[in-house]
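S.K.: Just passing along the structure, written as structure tokens.
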Amino acid sequence: MPHLDTLIARCDSTIAAHFLPVHAHLFADTALHISNAQLQQMQAIIAAAESVLAPSPTETSRAKGVFFGYDFHLNNQGAQLIEINTNAGGAFLNCLLQPENTAALQSVFVTMFAAEWRLERGAVPLKTLLILDEQPTQQFLYPEFLLAQQVFKNAGWQAGIADPSELLYQDDGVYFQQQKIDLIYNRLTDFSLHNYPDLWAAYQARHLVLTPHPAVYARYADKRHLITLSDLATLRATGVDEATLAVLQQGVPSTFLLTTQQADYWWNERKSLFFKPISGYGAKGAYRGDKLTKRVFSEILQADYVAQRLAPPGEILQTAADGSENRFKFDLRCYVYDGQIQLLTARLYQGQTTNFRTPGGGFARVWVD
């Protein structure tokens with residue numbers, strides 16, 4: 001695998017300058033190989049999940065949501081879906097790992113944003129696009145924002161990067177630096193926009209196209225949907241076909257709502273479970289049950305959590321330049337739009353969850369054999 005400085009050299013110099021020592025473990029030192037059968041199983045699980053979680057006819061937003069992230073563990077049970085994200089970061093960065101495919105992947109992403117715009121606005125030309133996050137220059141993935149901005153500009157769109165506080169809300173729309181914004185690429189982690197009432201109102205009034213938007217988060221990424229996807233009896237009762245049920249049974253670990261009424265049961269079962277906050281992201285607040293203390297367990301009982309049957313991650317042995325070997329855990333992330341995998345990457349790490357702090361770990365290219 002290329003070292004970080006080699007990957008950075010593929011960027012524009014103004015973008016490369018924003019990669020800092022904190023990004024030293026952004027890209028792994030090795031690639032990962034999976035089989036075509038494993039890839040096909042992941043695509044089948046994605047298709048099954050999206051058929052179950054399909055939008056209702058009453059949903060007003062037509063935009064499908066960019067960069068869904070379906071995260072999987074590979075183990076003896078095959079591919080196991082551990083999470084669905086509707087705001088998955090890293091896609092533009094992972095283009096750097098595929099220099100022979102970079103232009104093609106970027107074209108796919110541009111086509112996706114153009115499709116989101118057409119779904120909401122038809123043939124009206126898309127002119128201005130904004131990447132939005134809190135304090136974007138302080139975000140760990142700020143270099144990716146710059147990469148995305150460059151891609152958007154190369155597509156012929158005016159593109160900026162902003163904090164919500166920099167937006168001006170007028171009767172006819174949302175403005176940034178005196179420019180009316182057509183589409184916002186939403187990187188905020190306040191998925192429901194509760195803390196941004198003006199942005200919520202502008203979205204509701206259709207003054208701009210927002211992607212991903214609150215409706216897709218509510219429909220796919222709320223972790224209570226993992227309960228739905230693993231509750232085969234309820235799914236069967238609602239008319240889900242047996243073929244889809246078989247895919248979900250094999251590919252989605254059983255997930256349950258954590259309740260104080262069954263506290264003793266969950267504590268006794270904790271070593272076979274992984275605990276996740278319902279509205280969490282980026283593994284924040286997530287715990288392996290065998291690492292839980294009584295104090296932390298008591299705290300999460302008072303919060304909104306799900307308990308998912310432990311699906312161990314895959315492991316890979318990495319040989320360093322000095323000949324030493326290190327064992328890494330990994331997960332696989334499928335970047336998905338409209339049910340189709342656009343890009344596949346792995347994240348190598350040591351510890352409980354992915355962290356981009358492990359020497360030799362980080363995003364890794366995936367080869368399908």
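Each chain in the structure tokens gets a letter, A, B and so on, in the order shown; residues start at 1 in every chain, and ligands are counted from 1 in the order they appear.
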Write out as a PyMOL selection string the residues lying within 12 Å of region 315-319 of chain A, counting only C-alpha atoms and excluding same-chain residues fewer than 3 positions away.

M.R.: chain A and resi 1+28-34+73-76+312+322-332+346-351+359-361+364

S.K.: Any idea what's packed within 9 Å of Val22 (chain A), counting only C-alpha atoms, ignoring anything in its chain fewer than 4 positions away? Could you give it as a PyMOL selection string?

M.R.: chain A and resi 26+140+356-357

S.K.: DSSP on the backbone, then: every residue of region 51-298 of chain A marked strand (DSSP E), written as JSON, numbers by chain.

M.R.: {"A": [68, 69, 70, 71, 72, 73, 74, 75, 78, 79, 80, 81, 82, 83, 84, 85, 128, 129, 130, 131, 132, 158, 159, 160, 161, 162, 168, 169, 170, 173, 174, 175, 176, 179, 180, 183, 184, 185, 186, 209, 210, 211, 255, 256, 257, 273, 274, 275, 276, 277, 287, 288]}

S.K.: Counting only C-alpha atoms, figure out which residue out of A:Tyr265, A:Gln41, A:Gln138, A:Val52 gets nearest to Gln77 (chain A).

M.R.: A:Gln41

S.K.: Residues of region 175-366 of chain A classed as alpha helix (DSSP H) by DSSP on the backbone are to be reported as an MDAnalysis selection string.

M.R.: chainID A and resid 197:204 214:216 224:230 232:237 242:251 263:269 294:301

S.K.: Sorted by chain and rising residue number, list the residues of region 51-89 of chain A at most 12 Å from region 111-118 of chain A (counting only C-alpha atoms), each with its closest atom pair and distance in Å to one decimal, as a Markdown table.

M.R.:
| residue | atom | partner | partner_atom | distance |
| --- | --- | --- | --- | --- |
| A:Ser61 | CA | A:Glu116 | CA | 10.3 |
| A:Arg62 | CA | A:Glu116 | CA | 8.0 |
| A:Ala63 | CA | A:Glu116 | CA | 5.1 |
| A:Lys64 | CA | A:Glu116 | CA | 6.8 |
| A:Gly65 | CA | A:Glu116 | CA | 7.4 |
| A:Val66 | CA | A:Met112 | CA | 7.1 |
| A:Phe67 | CA | A:Met112 | CA | 9.1 |
| A:Phe68 | CA | A:Met112 | CA | 11.7 |

S.K.: Convert the current residue selection to file output with C-alpha atoms, as an mmCIF file, in the first residue's frame.

M.R.:
data_model
loop_
_atom_site.group_PDB
_atom_site.id
_atom_site.type_symbol
_atom_site.label_atom_id
_atom_site.label_comp_id
_atom_site.auth_asym_id
_atom_site.auth_seq_id
_atom_site.Cartn_x
_atom_site.Cartn_y
_atom_site.Cartn_z
ATOM 1 C CA SER A 61 -38.512 14.329 0.025
ATOM 2 C CA ARG A 62 -37.652 12.689 -3.263
ATOM 3 C CA ALA A 63 -33.864 12.781 -2.748
ATOM 4 C CA LYS A 64 -32.586 9.327 -1.871
ATOM 5 C CA GLY A 65 -29.586 10.437 0.219
ATOM 6 C CA VAL A 66 -25.925 10.341 -0.801
ATOM 7 C CA PHE A 67 -23.246 8.095 0.662
ATOM 8 C CA PHE A 68 -25.120 5.499 2.635
#

S.K.: I'd like to know which of A:Ser35, A:Ser192, A:Ser13, A:Gln302 is closest to Arg219 (chain A), using only C-alpha atoms.

M.R.: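 Closest to Arg219 (chain A), using only C-alpha atoms: A:Ser192.
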
S.K.: Taking only C-alpha atoms into account, name the residue in A:Asp369, A:Asp338, A:Asp190, A:Asp133 that is nearest to Ala54 (chain A).

M.R.: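 Once distances to Ala54 (chain A) are computed over only C-alpha atoms, the minimum belongs to A:Asp338.
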
S.K.: Pick out the closest residue to Gln80 (chain A) from this set: A:Ala123, A:Ile8, A:Val247, A:Leu129. Count only C-alpha atoms.

M.R.: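 Of A:Ala123, A:Ile8, A:Val247, A:Leu129, the one nearest Gln80 (chain A) is A:Val247, counting only C-alpha atoms.
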
S.K.: Considering only C-alpha atoms, can you say which of A:Gln340, A:Gln106, A:Gln139, A:Gln179 comes closest to Asn154 (chain A)?

M.R.: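 Of all the options, A:Gln106 lies closest to Asn154 (chain A).
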
S.K.: Have a look at CA of Lys223 (chain A) and CA of Leu208 (chain A) and let me know their distance in Å, one decimal.

M.R.: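 Between CA of Lys223 (chain A) and CA of Leu208 (chain A) the gap is 27.7 Å.
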
S.K.: With a distance cut-off of 10 Å and only C-alpha atoms, select the neighbouring residues of Tyr203 (chain A), excluding the residue or stretch itself and same-chain residues fewer than 2 positions from it, and output the selection as a list in words.

M.R.: Ser61, Gly173, Val174, Ile184, Leu193, Pro197, Asp198, Leu199, Trp200, Ala201, Ala205, Arg206, His207, Leu208, Val209, Leu210, His213 and Pro214 of chain A

S.K.: I'd like to know which of A:Lys271, A:His225, A:His18, A:Lys294 is closest to Leu310 (chain A), using only C-alpha atoms.

M.R.: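 The answer is A:Lys271, which sits nearest to Leu310 (chain A).
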
S.K.: Interatomic distance between CA of Ala311 (chain A) and CA of Ala37 (chain A)?

M.R.: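 Separating CA of Ala311 (chain A) from CA of Ala37 (chain A) is a distance of 18.9 Å.
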
S.K.: Would you work out the distance separating CA of Ser272 (chain A) from CA of Ala307 (chain A), expressed in Å to one decimal?

M.R.: 9.5 Å

S.K.: Can you tell me which residues surround Val110 (chain A) at a distance of at most 8 Å, considering only C-alpha atoms, apart from same-chain residues fewer than 5 positions away, and format the answer as an NGL selection string?

M.R.: :A and (151-152 or 155)

S.K.: For the selection you just gave me, I'd like the residues written to a file as a PDB file, in the first residue's frame, keeping N, CA, C and O atoms.

M.R.:
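Writing done, so here's result.pdb:
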ATOM      1  N   VAL A 151     -13.761  18.383  -6.586  1.00  0.00           N
ATOM      2  CA  VAL A 151     -14.500  17.542  -7.531  1.00  0.00           C
ATOM      3  C   VAL A 151     -15.744  18.283  -8.026  1.00  0.00           C
ATOM      4  O   VAL A 151     -16.063  18.273  -9.221  1.00  0.00           O
ATOM      5  N   PHE A 152     -16.463  18.918  -7.108  1.00  0.00           N
ATOM      6  CA  PHE A 152     -17.670  19.650  -7.490  1.00  0.00           C
ATOM      7  C   PHE A 152     -17.337  20.812  -8.430  1.00  0.00           C
ATOM      8  O   PHE A 152     -18.053  21.064  -9.405  1.00  0.00           O
ATOM      9  N   ALA A 155     -16.729  19.746 -11.827  1.00  0.00           N
ATOM     10  CA  ALA A 155     -17.981  19.381 -12.512  1.00  0.00           C
ATOM     11  C   ALA A 155     -18.728  20.613 -13.031  1.00  0.00           C
ATOM     12  O   ALA A 155     -19.766  20.473 -13.677  1.00  0.00           O
TER      13      ALA A 155
END

S.K.: Could you pull the residues within 12 Å of Glu269 (chain A), counting only C-alpha atoms, minus those fewer than 6 positions along the same chain, as an MDAnalysis selection string?

M.R.: chainID A and resid 258 262:263 275 288:290 292 307:310

S.K.: Filtering to all heavy atoms, could you give me those residues as a tab-separated table (two decimals), in the first residue's frame?

M.R.:
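This is the output file part01.tsv:
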chain	number	residue	atom	x	y	z
A	258	LEU	N	-32.62	-2.09	24.56
A	258	LEU	CA	-32.16	-2.23	25.93
A	258	LEU	C	-33.17	-1.58	26.87
A	258	LEU	O	-33.56	-0.43	26.67
A	258	LEU	CB	-30.79	-1.55	26.08
A	258	LEU	CG	-29.98	-1.88	27.34
A	258	LEU	CD1	-29.66	-3.36	27.40
A	258	LEU	CD2	-28.71	-1.05	27.37
A	262	GLN	N	-35.33	-5.34	32.12
A	262	GLN	CA	-34.59	-6.59	31.97
A	262	GLN	C	-33.10	-6.39	32.24
A	262	GLN	O	-32.25	-7.04	31.64
A	262	GLN	CB	-34.79	-7.15	30.57
A	262	GLN	CG	-36.22	-7.57	30.26
A	262	GLN	CD	-36.35	-8.08	28.83
A	262	GLN	OE1	-36.23	-7.33	27.88
A	262	GLN	NE2	-36.59	-9.38	28.70
A	263	ALA	N	-32.78	-5.49	33.14
A	263	ALA	CA	-31.39	-5.13	33.40
A	263	ALA	C	-30.54	-6.35	33.77
A	263	ALA	O	-29.42	-6.52	33.29
A	263	ALA	CB	-31.33	-4.08	34.49
A	275	PHE	N	-23.18	-3.04	22.61
A	275	PHE	CA	-24.17	-2.03	22.98
A	275	PHE	C	-23.91	-0.75	22.19
A	275	PHE	O	-22.80	-0.23	22.18
A	275	PHE	CB	-24.11	-1.77	24.48
A	275	PHE	CG	-24.46	-2.97	25.32
A	275	PHE	CD1	-23.48	-3.87	25.72
A	275	PHE	CD2	-25.77	-3.21	25.68
A	275	PHE	CE1	-23.79	-4.98	26.49
A	275	PHE	CE2	-26.11	-4.32	26.45
A	275	PHE	CZ	-25.12	-5.21	26.84
A	288	ARG	N	-18.30	-2.95	23.68
A	288	ARG	CA	-18.35	-4.41	23.73
A	288	ARG	C	-18.78	-4.81	25.12
A	288	ARG	O	-18.28	-4.30	26.12
A	288	ARG	CB	-16.98	-5.01	23.43
A	288	ARG	CG	-16.70	-5.23	21.96
A	288	ARG	CD	-15.35	-5.88	21.80
A	288	ARG	NE	-15.27	-7.17	22.49
A	288	ARG	CZ	-14.93	-8.32	21.91
A	288	ARG	NH1	-14.65	-8.34	20.63
A	288	ARG	NH2	-14.87	-9.42	22.60
A	289	GLY	N	-19.73	-5.76	25.19
A	289	GLY	CA	-20.27	-6.14	26.49
A	289	GLY	C	-19.24	-6.69	27.45
A	289	GLY	O	-19.32	-6.46	28.66
A	290	ASP	N	-18.24	-7.42	26.92
A	290	ASP	CA	-17.25	-8.01	27.83
A	290	ASP	C	-16.29	-6.97	28.40
A	290	ASP	O	-15.49	-7.27	29.28
A	290	ASP	CB	-16.47	-9.13	27.14
A	290	ASP	CG	-15.77	-8.66	25.88
A	290	ASP	OD1	-15.92	-7.48	25.50
A	290	ASP	OD2	-15.05	-9.47	25.27
A	292	LEU	N	-17.59	-3.96	29.51
A	292	LEU	CA	-18.44	-3.05	30.28
A	292	LEU	C	-18.17	-3.16	31.78
A	292	LEU	O	-18.02	-4.25	32.33
A	292	LEU	CB	-19.91	-3.37	30.05
A	292	LEU	CG	-20.65	-2.65	28.91
A	292	LEU	CD1	-22.10	-3.08	28.92
A	292	LEU	CD2	-20.53	-1.16	29.03
A	307	ALA	N	-28.95	-3.45	21.97
A	307	ALA	CA	-27.97	-4.50	22.23
A	307	ALA	C	-27.97	-5.44	21.02
A	307	ALA	O	-29.01	-6.01	20.69
A	307	ALA	CB	-28.32	-5.26	23.51
A	308	GLN	N	-26.82	-5.57	20.39
A	308	GLN	CA	-26.70	-6.41	19.19
A	308	GLN	C	-25.84	-7.62	19.50
A	308	GLN	O	-24.78	-7.50	20.14
A	308	GLN	CB	-26.07	-5.60	18.06
A	308	GLN	CG	-26.02	-6.32	16.71
A	308	GLN	CD	-25.38	-5.45	15.64
A	308	GLN	OE1	-24.23	-5.06	15.75
A	308	GLN	NE2	-26.16	-5.14	14.60
A	309	ARG	N	-26.30	-8.80	19.06
A	309	ARG	CA	-25.49	-10.00	19.25
A	309	ARG	C	-24.12	-9.78	18.62
A	309	ARG	O	-24.00	-9.28	17.50
A	309	ARG	CB	-26.16	-11.22	18.60
A	309	ARG	CG	-27.39	-11.72	19.35
A	309	ARG	CD	-27.04	-12.31	20.70
A	309	ARG	NE	-28.24	-12.65	21.47
A	309	ARG	CZ	-28.23	-12.94	22.77
A	309	ARG	NH1	-27.09	-12.92	23.45
A	309	ARG	NH2	-29.36	-13.23	23.39
A	310	LEU	N	-23.10	-10.15	19.36
A	310	LEU	CA	-21.73	-9.89	18.93
A	310	LEU	C	-21.43	-10.64	17.64
A	310	LEU	O	-21.60	-11.86	17.55
A	310	LEU	CB	-20.76	-10.33	20.02
A	310	LEU	CG	-19.33	-9.83	19.92
A	310	LEU	CD1	-19.28	-8.31	19.99
A	310	LEU	CD2	-18.48	-10.43	21.03
